[in-house]
$ cat structure-v3.txt   # compact mmCIF, C-alpha atoms and all ligand atoms
# COMPACT_ATOMS: atom_id res chain seq x y z
CA MET A 1 3.60 -63.78 0.71
CA LYS A 2 0.77 -65.24 -1.28
CA LYS A 3 0.21 -63.84 -4.74
CA THR A 4 -3.23 -62.42 -3.86
CA THR A 5 -1.89 -60.76 -0.70
CA LEU A 6 0.91 -59.24 -2.73
CA ILE A 7 -1.55 -57.86 -5.29
CA ILE A 8 -3.74 -56.36 -2.54
CA ALA A 9 -0.69 -54.83 -0.84
CA LEU A 10 0.47 -53.35 -4.14
CA GLY A 11 -3.02 -52.00 -4.80
CA ILE A 12 -3.08 -50.28 -1.43
CA LEU A 13 0.37 -48.83 -2.02
CA ILE A 14 -0.65 -47.42 -5.41
CA ALA A 15 -3.86 -45.97 -3.92
CA ILE A 16 -1.84 -44.28 -1.17
CA LEU A 17 0.62 -42.89 -3.69
CA ILE A 18 -2.14 -41.56 -5.95
CA SER A 19 -4.04 -39.94 -3.10
CA GLY A 20 -0.78 -38.45 -1.83
CA CYS A 21 -0.09 -36.87 -5.20
CA THR A 22 -3.55 -35.47 -5.68
CA ALA A 23 -4.10 -34.39 -2.07
CA LYS A 24 -5.20 -30.79 -2.04
CA LYS A 25 -2.48 -28.37 -1.07
CA PRO A 26 -3.37 -25.88 1.65
CA VAL A 27 -4.40 -22.53 0.19
CA LEU A 28 -3.61 -19.09 1.58
CA TYR A 29 -5.78 -16.18 0.41
CA ILE A 30 -3.93 -12.89 0.31
CA PHE A 31 -5.30 -9.46 -0.57
CA ASN A 32 -2.71 -6.72 -1.12
CA TRP A 33 -2.22 -3.41 -2.94
CA SER A 34 -1.16 -3.81 -6.57
CA ASP A 35 2.61 -3.76 -7.35
CA TYR A 36 3.37 -4.24 -3.68
CA ILE A 37 5.29 -7.51 -3.47
CA ASP A 38 8.07 -9.25 -5.36
CA PRO A 39 6.18 -12.07 -7.16
CA ALA A 40 9.24 -14.35 -6.82
CA LEU A 41 8.61 -14.40 -3.06
CA ILE A 42 5.15 -15.85 -3.55
CA LYS A 43 6.62 -18.70 -5.58
CA GLU A 44 9.34 -19.30 -3.02
CA PHE A 45 6.88 -19.49 -0.15
CA GLU A 46 4.64 -21.87 -2.10
CA ALA A 47 7.58 -24.17 -2.78
CA GLU A 48 8.89 -24.05 0.79
CA HIS A 49 5.51 -24.78 2.31
CA ASP A 50 4.02 -26.97 -0.39
CA CYS A 51 0.97 -24.72 -0.55
CA LYS A 52 -0.90 -22.51 -2.99
CA ILE A 53 -1.24 -18.76 -2.59
CA LYS A 54 -4.31 -17.15 -4.13
CA TYR A 55 -3.20 -13.58 -4.48
CA SER A 56 -5.63 -10.73 -5.27
CA THR A 57 -4.99 -7.01 -5.40
CA PHE A 58 -6.83 -3.78 -4.61
CA ASP A 59 -6.01 -0.17 -5.38
CA SER A 60 -7.58 1.66 -2.45
CA ASN A 61 -8.42 1.01 1.19
CA GLU A 62 -12.05 1.79 0.43
CA ASN A 63 -12.26 -0.89 -2.27
CA MET A 64 -10.48 -3.36 -0.01
CA LEU A 65 -12.96 -2.71 2.78
CA THR A 66 -16.01 -3.06 0.52
CA LYS A 67 -14.68 -6.34 -0.82
CA ILE A 68 -13.83 -7.95 2.49
CA LYS A 69 -17.13 -6.85 4.03
CA SER A 70 -19.14 -8.29 1.19
CA ALA A 71 -16.96 -11.14 -0.07
CA THR A 72 -18.35 -14.62 0.10
CA GLN A 73 -14.82 -15.93 0.07
CA SER A 74 -12.72 -14.68 2.94
CA PHE A 75 -9.07 -13.70 2.93
CA ASP A 76 -6.44 -14.84 5.39
CA ILE A 77 -4.07 -11.88 5.15
CA ILE A 78 -4.62 -8.33 3.98
CA PHE A 79 -2.50 -5.16 3.88
CA PRO A 80 -4.50 -2.13 5.07
CA SER A 81 -3.10 1.34 5.71
CA GLY A 82 -2.91 2.46 9.34
CA ASP A 83 -6.26 4.26 9.56
CA HIS A 84 -7.93 1.16 8.10
CA VAL A 85 -6.28 -1.09 10.69
CA SER A 86 -8.30 0.89 13.26
CA ILE A 87 -11.44 0.65 11.11
CA LEU A 88 -11.09 -3.13 10.72
CA ARG A 89 -10.39 -3.48 14.41
CA GLU A 90 -13.57 -1.54 15.23
CA LEU A 91 -15.45 -3.90 12.94
CA ASP A 92 -13.97 -6.76 14.99
CA MET A 93 -12.49 -8.41 11.91
CA LEU A 94 -8.86 -8.73 13.05
CA GLU A 95 -7.05 -11.62 14.68
CA GLU A 96 -4.98 -10.69 17.72
CA LEU A 97 -1.50 -11.82 16.70
CA ASP A 98 0.44 -14.28 18.82
CA ARG A 99 4.01 -12.93 19.11
CA GLU A 100 5.24 -16.40 20.10
CA LYS A 101 4.51 -17.48 16.54
CA LEU A 102 6.35 -14.53 15.01
CA SER A 103 9.97 -15.25 15.78
CA ASN A 104 11.13 -12.54 13.33
CA PHE A 105 9.07 -9.77 14.96
CA ASP A 106 12.19 -8.33 16.59
CA ASN A 107 13.54 -7.39 13.15
CA LEU A 108 11.06 -4.49 13.12
CA ASN A 109 12.18 -0.92 13.71
CA PRO A 110 11.05 0.12 17.24
CA GLN A 111 10.53 3.73 16.09
CA LEU A 112 8.09 2.65 13.40
CA LEU A 113 6.33 0.29 15.81
CA GLU A 114 5.92 3.33 18.03
CA LYS A 115 4.33 5.27 15.13
CA ALA A 116 2.06 2.30 14.42
CA ARG A 117 0.70 2.52 17.96
CA SER A 118 -1.29 5.56 16.80
CA PHE A 119 -3.61 3.15 14.97
CA ASP A 120 -2.90 -0.13 16.79
CA PRO A 121 -2.17 0.93 20.42
CA GLU A 122 -0.32 -2.20 21.52
CA ASN A 123 0.94 -3.45 18.14
CA LYS A 124 -1.37 -6.37 18.72
CA TYR A 125 -3.25 -6.69 15.45
CA SER A 126 -0.92 -5.41 12.76
CA ILE A 127 2.66 -5.67 11.56
CA PRO A 128 4.12 -2.68 9.68
CA TYR A 129 4.85 -3.74 6.10
CA ALA A 130 5.97 -0.66 4.17
CA TRP A 131 5.67 3.09 4.33
CA GLY A 132 5.84 5.89 1.83
CA LEU A 133 4.83 9.33 0.64
CA THR A 134 2.50 10.68 -1.98
CA GLY A 135 3.66 13.22 -4.56
CA LEU A 136 3.35 14.11 -8.23
CA MET A 137 4.50 12.00 -11.15
CA TYR A 138 4.72 13.33 -14.69
CA ASN A 139 5.90 12.57 -18.18
CA LYS A 140 8.73 14.92 -19.22
CA THR A 141 7.88 14.51 -22.90
CA PHE A 142 4.63 16.40 -22.38
CA VAL A 143 5.23 18.55 -19.31
CA PRO A 144 7.98 21.18 -19.84
CA GLU A 145 10.53 21.70 -17.07
CA ASN A 146 9.33 25.26 -16.33
CA ILE A 147 5.85 23.97 -15.47
CA VAL A 148 7.17 21.74 -12.68
CA ALA A 149 9.94 24.12 -11.62
CA SER A 150 7.88 25.57 -8.74
CA GLY A 151 8.06 22.11 -7.15
CA GLY A 152 4.77 22.53 -5.28
CA TRP A 153 1.28 20.99 -5.27
CA ASN A 154 -0.11 23.96 -7.18
CA ILE A 155 1.39 22.61 -10.39
CA LEU A 156 -2.04 20.95 -10.47
CA ALA A 157 -3.55 24.40 -11.08
CA ASP A 158 -1.15 25.51 -13.82
CA SER A 159 -3.02 27.01 -16.78
CA PHE A 160 -0.72 24.97 -19.04
CA PHE A 161 -3.08 22.05 -18.39
CA ASP A 162 -6.30 23.97 -19.13
CA ASN A 163 -8.65 22.07 -21.43
CA LYS A 164 -6.11 19.30 -21.99
CA ASN A 165 -7.71 16.61 -19.77
CA LYS A 166 -4.34 15.26 -18.73
CA ILE A 167 -4.30 15.22 -14.92
CA THR A 168 -5.40 12.47 -12.54
CA MET A 169 -5.51 12.24 -8.75
CA LEU A 170 -5.70 9.15 -6.56
CA ASP A 171 -9.08 7.60 -5.84
CA ASP A 172 -8.65 8.18 -2.14
CA ALA A 173 -10.43 10.86 -0.15
CA ARG A 174 -7.70 11.12 2.49
CA GLU A 175 -4.96 11.52 -0.15
CA VAL A 176 -6.84 14.05 -2.28
CA ILE A 177 -8.09 16.25 0.57
CA GLY A 178 -4.78 15.60 2.37
CA ALA A 179 -2.79 17.11 -0.52
CA ALA A 180 -5.02 20.21 -0.57
CA LEU A 181 -4.73 20.55 3.22
CA VAL A 182 -0.94 20.28 3.18
CA TYR A 183 -0.73 22.74 0.28
CA SER A 184 -2.89 25.15 2.30
CA GLY A 185 -0.55 24.88 5.29
CA TYR A 186 -2.60 22.47 7.42
CA SER A 187 -2.02 18.94 8.62
CA ALA A 188 -3.47 16.19 6.41
CA ASN A 189 -5.54 15.24 9.48
CA ASP A 190 -7.01 18.69 10.18
CA VAL A 191 -10.80 18.52 10.07
CA SER A 192 -11.45 22.01 11.45
CA GLU A 193 -13.90 24.06 9.43
CA GLU A 194 -11.20 26.59 8.57
CA ALA A 195 -8.82 23.96 7.20
CA LEU A 196 -11.45 22.02 5.28
CA THR A 197 -12.94 25.16 3.73
CA ALA A 198 -9.49 26.20 2.52
CA ALA A 199 -8.80 22.71 1.13
CA HIS A 200 -12.19 22.61 -0.58
CA GLU A 201 -11.53 25.90 -2.36
CA VAL A 202 -8.12 24.71 -3.54
CA LEU A 203 -9.62 21.48 -4.82
CA LYS A 204 -12.28 23.30 -6.81
CA VAL A 205 -9.45 24.97 -8.73
CA TRP A 206 -7.39 21.78 -9.16
CA ASP A 207 -10.51 19.93 -10.25
CA ARG A 208 -10.82 22.12 -13.37
CA ASN A 209 -8.30 19.86 -15.09
CA ILE A 210 -8.65 16.55 -13.26
CA THR A 211 -10.02 13.91 -15.60
CA GLN A 212 -10.28 11.04 -13.16
CA PHE A 213 -9.70 9.90 -9.62
CA ASP A 214 -7.93 6.60 -10.04
CA SER A 215 -5.16 4.84 -8.13
CA ASP A 216 -3.83 2.40 -10.67
CA SER A 217 -4.30 3.19 -14.35
CA TYR A 218 -2.18 6.35 -14.17
CA LYS A 219 0.85 4.06 -14.17
CA ASN A 220 0.17 2.93 -17.75
CA GLU A 221 -1.48 6.12 -18.87
CA LEU A 222 1.54 8.25 -17.98
CA GLN A 223 3.63 6.07 -20.26
CA ASP A 224 1.43 6.42 -23.33
CA GLY A 225 0.55 10.10 -22.86
CA THR A 226 -3.11 9.57 -21.92
CA THR A 227 -2.13 11.25 -18.65
CA TRP A 228 0.65 13.83 -18.26
CA LEU A 229 0.58 14.52 -14.53
CA ALA A 230 -0.71 12.32 -11.72
CA GLN A 231 -0.85 12.26 -7.96
CA ALA A 232 1.16 9.12 -7.23
CA TYR A 233 2.71 6.95 -4.52
CA ASN A 234 6.51 7.32 -4.45
CA GLY A 235 7.39 3.60 -4.77
CA ASP A 236 4.94 3.04 -7.62
CA ALA A 237 6.44 6.05 -9.39
CA LEU A 238 9.99 4.79 -8.89
CA GLN A 239 9.07 1.35 -10.24
CA GLN A 240 7.77 2.99 -13.44
CA MET A 241 10.72 5.38 -13.68
CA ALA A 242 13.12 2.44 -13.63
CA GLU A 243 11.46 1.23 -16.84
CA ASN A 244 10.88 4.55 -18.59
CA SER A 245 13.29 7.49 -18.43
CA ASP A 246 10.58 9.94 -19.65
CA LEU A 247 8.89 9.67 -16.28
CA ASP A 248 9.74 11.72 -13.23
CA PHE A 249 8.41 12.29 -9.73
CA ILE A 250 8.58 15.07 -7.17
CA LEU A 251 7.82 15.28 -3.50
CA PRO A 252 6.05 18.66 -3.35
CA LYS A 253 7.90 21.36 -1.45
CA GLU A 254 5.00 22.05 0.95
CA GLY A 255 5.13 18.47 2.26
CA ALA A 256 3.09 15.34 1.65
CA ALA A 257 0.82 12.74 3.15
CA MET A 258 2.65 9.77 4.61
CA TRP A 259 1.23 6.32 5.23
CA MET A 260 2.19 3.03 6.67
CA ASP A 261 0.65 -0.15 5.32
CA ASN A 262 0.41 -3.21 7.49
CA ILE A 263 0.01 -6.96 7.51
CA VAL A 264 -3.09 -8.15 9.37
CA MET A 265 -4.79 -11.53 9.69
CA LEU A 266 -8.58 -11.68 9.50
CA ASN A 267 -10.12 -13.54 12.43
CA SER A 268 -12.21 -15.45 9.88
CA SER A 269 -9.01 -16.96 8.39
CA GLN A 270 -9.35 -20.69 7.75
CA ASN A 271 -5.63 -21.29 7.74
CA LYS A 272 -4.07 -19.36 10.57
CA ASP A 273 -0.96 -21.54 10.97
CA LEU A 274 0.02 -21.02 7.36
CA ALA A 275 -0.86 -17.34 7.66
CA TYR A 276 1.59 -17.04 10.57
CA GLU A 277 4.24 -18.79 8.47
CA PHE A 278 3.71 -16.27 5.68
CA ILE A 279 3.93 -13.26 7.99
CA ASN A 280 7.08 -14.64 9.58
CA PHE A 281 8.53 -15.25 6.10
CA LEU A 282 7.91 -11.59 5.14
CA LEU A 283 9.60 -10.53 8.38
CA GLU A 284 12.85 -12.37 7.54
CA ALA A 285 15.54 -9.75 7.02
CA GLU A 286 16.70 -11.07 3.66
CA ILE A 287 13.15 -11.50 2.33
CA ALA A 288 12.10 -8.03 3.51
CA GLN A 289 15.20 -6.55 1.87
CA ARG A 290 14.54 -8.21 -1.49
CA ASN A 291 10.90 -7.19 -1.32
CA SER A 292 11.73 -3.60 -0.55
CA GLU A 293 14.30 -3.39 -3.35
CA TYR A 294 11.64 -4.70 -5.73
CA THR A 295 8.74 -2.49 -4.62
CA MET A 296 10.95 0.57 -3.97
CA TYR A 297 9.20 1.27 -0.69
CA PRO A 298 11.22 1.46 2.53
CA THR A 299 10.61 -1.43 4.87
CA PRO A 300 10.00 -1.06 8.62
CA ASN A 301 12.30 -4.07 8.93
CA LEU A 302 15.41 -2.57 10.55
CA ALA A 303 17.48 -5.69 9.97
CA ALA A 304 16.66 -5.45 6.25
CA MET A 305 17.30 -1.69 6.01
CA ARG A 306 20.77 -2.17 7.50
CA ASN A 307 21.71 -4.32 4.52
CA MET A 308 20.14 -2.16 1.85
CA GLY A 309 22.45 -0.87 -0.89
CA GLU A 310 23.55 2.78 -1.09
CA ALA A 311 21.43 3.51 -4.17
CA PHE A 312 18.33 2.77 -2.14
CA ILE A 313 19.38 4.48 1.07
CA LEU A 314 20.60 7.66 -0.64
CA ASN A 315 17.55 8.04 -2.88
CA GLU A 316 15.74 11.10 -1.50
CA LEU A 317 12.48 10.06 -3.12
CA ILE A 318 12.53 6.86 -1.06
CA ASN A 319 14.30 8.12 2.01
CA PRO A 320 13.70 11.88 2.26
CA SER A 321 15.67 14.06 4.65
CA GLU A 322 14.48 14.55 8.25
CA GLU A 323 13.79 18.15 7.30
CA TYR A 324 11.37 17.08 4.57
CA LEU A 325 9.75 14.42 6.76
CA GLU A 326 8.90 17.13 9.27
CA LYS A 327 6.53 18.57 6.66
CA CYS A 328 4.80 15.22 6.14
CA TYR A 329 1.71 13.98 7.94
CA MET A 330 0.89 10.38 8.68
CA ILE A 331 -2.72 9.72 7.64
CA ASP A 332 -4.36 9.13 11.02
CA PHE A 333 -7.54 7.33 11.98
CA LEU A 334 -10.19 10.05 12.40
CA GLY A 335 -13.25 7.99 13.34
CA ASP A 336 -16.53 9.68 12.41
CA GLU A 337 -14.70 12.93 11.65
CA ALA A 338 -13.47 11.31 8.43
CA ARG A 339 -17.00 11.79 7.06
CA LYS A 340 -16.28 15.52 6.71
CA ILE A 341 -13.40 14.63 4.40
CA ASP A 342 -15.51 12.08 2.49
CA SER A 343 -18.25 14.61 1.83
CA ILE A 344 -15.84 17.15 0.32
CA TYR A 345 -14.36 14.40 -1.81
CA GLU A 346 -17.82 13.36 -3.02
CA ASP A 347 -18.68 16.98 -3.78
CA ILE A 348 -15.52 17.38 -5.87
CA LYS A 349 -16.10 14.12 -7.71
CA MET A 350 -19.73 14.93 -8.48
CA ASN A 351 -19.36 18.55 -9.59
C1 LIG B 1 1.34 0.22 -3.78
C2 LIG B 1 0.51 1.31 -3.26
C3 LIG B 1 1.04 1.92 -2.04
C4 LIG B 1 0.05 1.93 -1.00
N1 LIG B 1 1.09 0.06 -5.12
C5 LIG B 1 -0.43 3.22 -0.55
N2 LIG B 1 -0.91 3.15 0.76
$ encode --input "structure-v3.txt" --output "structure tokens"
Amino acid sequence: MKKTTLIIALGILIAILISGCTAKKPVLYIFNWSDYIDPALIKEFEAEHDCKIKYSTFDSNENMLTKIKSATQSFDIIFPSGDHVSILRELDMLEELDREKLSNFDNLNPQLLEKARSFDPENKYSIPYAWGLTGLMYNKTFVPENIVASGGWNILADSFFDNKNKITMLDDAREVIGAALVYSGYSANDVSEEALTAAHEVLKVWDRNITQFDSDSYKNELQDGTTWLAQAYNGDALQQMAENSDLDFILPKEGAAMWMDNIVMLNSSQNKDLAYEFINFLLEAEIAQRNSEYTMYPTPNLAAMRNMGEAFILNELINPSEEYLEKCYMIDFLGDEARKIDSIYEDIKMN
């Protein structure tokens, strides 16, 4: 080879190498609840697929919806609760999932897929991700045992808290009204006038000592004493309790709201192949198990649950008895009827 040819060939080779190194990695945009995935899994997926995950979090379905409706940048995968799967579907924002591309779909628990059909009739648009219950979390340093001894939702009305400004509830109309409905002996989905009037009256009393409706900051505030008692998701509470033995959590004796959160792909996704890879990755039994042990929420992945350790399976706050679950109500899609719940929530927040 002539010297000039050799130099040109070398030049081309170097150019190829440089462009190869700097070539943009594919990016997957994910929008999930806070504290709802093991961060190590994100890293693992990025390494396995030579891609970048841009991961953002939300703390309520309402905020998620506002963001994805208004966002200039779109997300590939989001994690809405069941009622919001129906809402997103009605807005025609969801990709119909191709089962052929989800080889790990069969790991899912058929009973939970059946439950999911209440918001996604043919399990076509969503994959169950995690489920849980909402109860009360408190700091034992500030709240004496006798105050929580009743074990019911009405701890929120205990005069012990009067004028202390130490209680928070979730920033979620369905959760807040749902708790008052369940306490009053109704389903969390009951929108009859009788049920909603009863719940409204209960909430007016609880509201005397509620300082804020917030779904995230209670986790830190319960640790430093800014908040003493908070309506909380069970897994989030258990994550905090593992770090701080002053914290405790109860599932109220009257029952609780139950939810299932799901993986969906937006039909505007720019990277559907990678999105499928990510969903399939989360559906792997070993990955789902590690994720569930990290987040402390039970997984609808039956293959993963079968391998879960005893400490997880026997924990009644994660896996309550059938008897307790009978008193719990899955937050259902209510269509326009949900406005009745929203207006009570607004009234409570404003007054
Ligand atoms: C996770 C919140 C649980 C989701 N931090 C409630 N649907």
$ residues_near_ligand --input "structure-v3.txt" --ligand "ligand LIG 1 (chain B)" --cutoff "8 Å" --atoms "only C-alpha atoms and all ligand atoms" --output "PyMOL selection string"
chain A and resi 33-36+59-61+80-81+131-132+216+233+235-236+259-261+295
$ atom_distance --input "structure-v3.txt" --atom1 "CA of Met64 in chain A" --atom2 "CA of Glu90 in chain A"
15.7 Å
$ residues_around --input "structure-v3.txt" --residues "range 188-195 of chain A" --least-positions-apart "2" --cutoff "6 Å" --atoms "all atoms listed in the file" --output "list in words"
Gly178, Leu181, Val182, Thr197, Ala198 and Tyr329 of chain A
$ closest_residue --input "structure-v3.txt" --among "A:Thr227, A:Asn234, A:Asn291, A:Asn262" --to "Thr211 in chain A" --atoms "only C-alpha atoms"
A:Thr227
$ closest_residue --input "structure-v3.txt" --among "A:Pro144, A:Tyr218, A:Met265, A:Thr168" --to "Phe79 in chain A" --atoms "all atoms listed in the file"
A:Met265
$ residues_around --input "structure-v3.txt" --residues "Ser74 in chain A" --least-positions-apart "3" --cutoff "8 Å" --atoms "all atoms listed in the file" --output "list in words"
Tyr29, Ile68, Ala71, Ser268 and Ser269 of chain A
$ closest_residue --input "structure-v3.txt" --among "A:Gln270, A:Gln212, A:Thr134, A:Asn315" --to "Gln231 in chain A" --atoms "all atoms listed in the file"
A:Thr134
$ closest_residue --input "structure-v3.txt" --among "A:Phe281, A:Tyr324, A:Phe312, A:Phe160" --to "Met258 in chain A" --atoms "all atoms listed in the file"
A:Tyr324
$ closest_residue --input "structure-v3.txt" --among "A:His49, A:Ile348, A:Leu133, A:Gln111" --to "Tyr297 in chain A" --atoms "all atoms listed in the file"
A:Leu133
$ closest_residue --input "structure-v3.txt" --among "A:Ala179, A:Lys24, A:Asn307, A:Glu293" --to "Ala242 in chain A" --atoms "all atoms listed in the file"
A:Glu293
$ atom_distance --input "structure-v3.txt" --atom1 "CA of Leu247 in chain A" --atom2 "CA of Asp207 in chain A"
22.8 Å
$ atom_distance --input "structure-v3.txt" --atom1 "CA of Asn163 in chain A" --atom2 "CA of Tyr345 in chain A"
21.8 Å
$ residues_around --input "structure-v3.txt" --residues "Asp246 in chain A" --least-positions-apart "4" --cutoff "8 Å" --atoms "only C-alpha atoms" --output "number ranges by chain"
A: 139-141, 223, 241
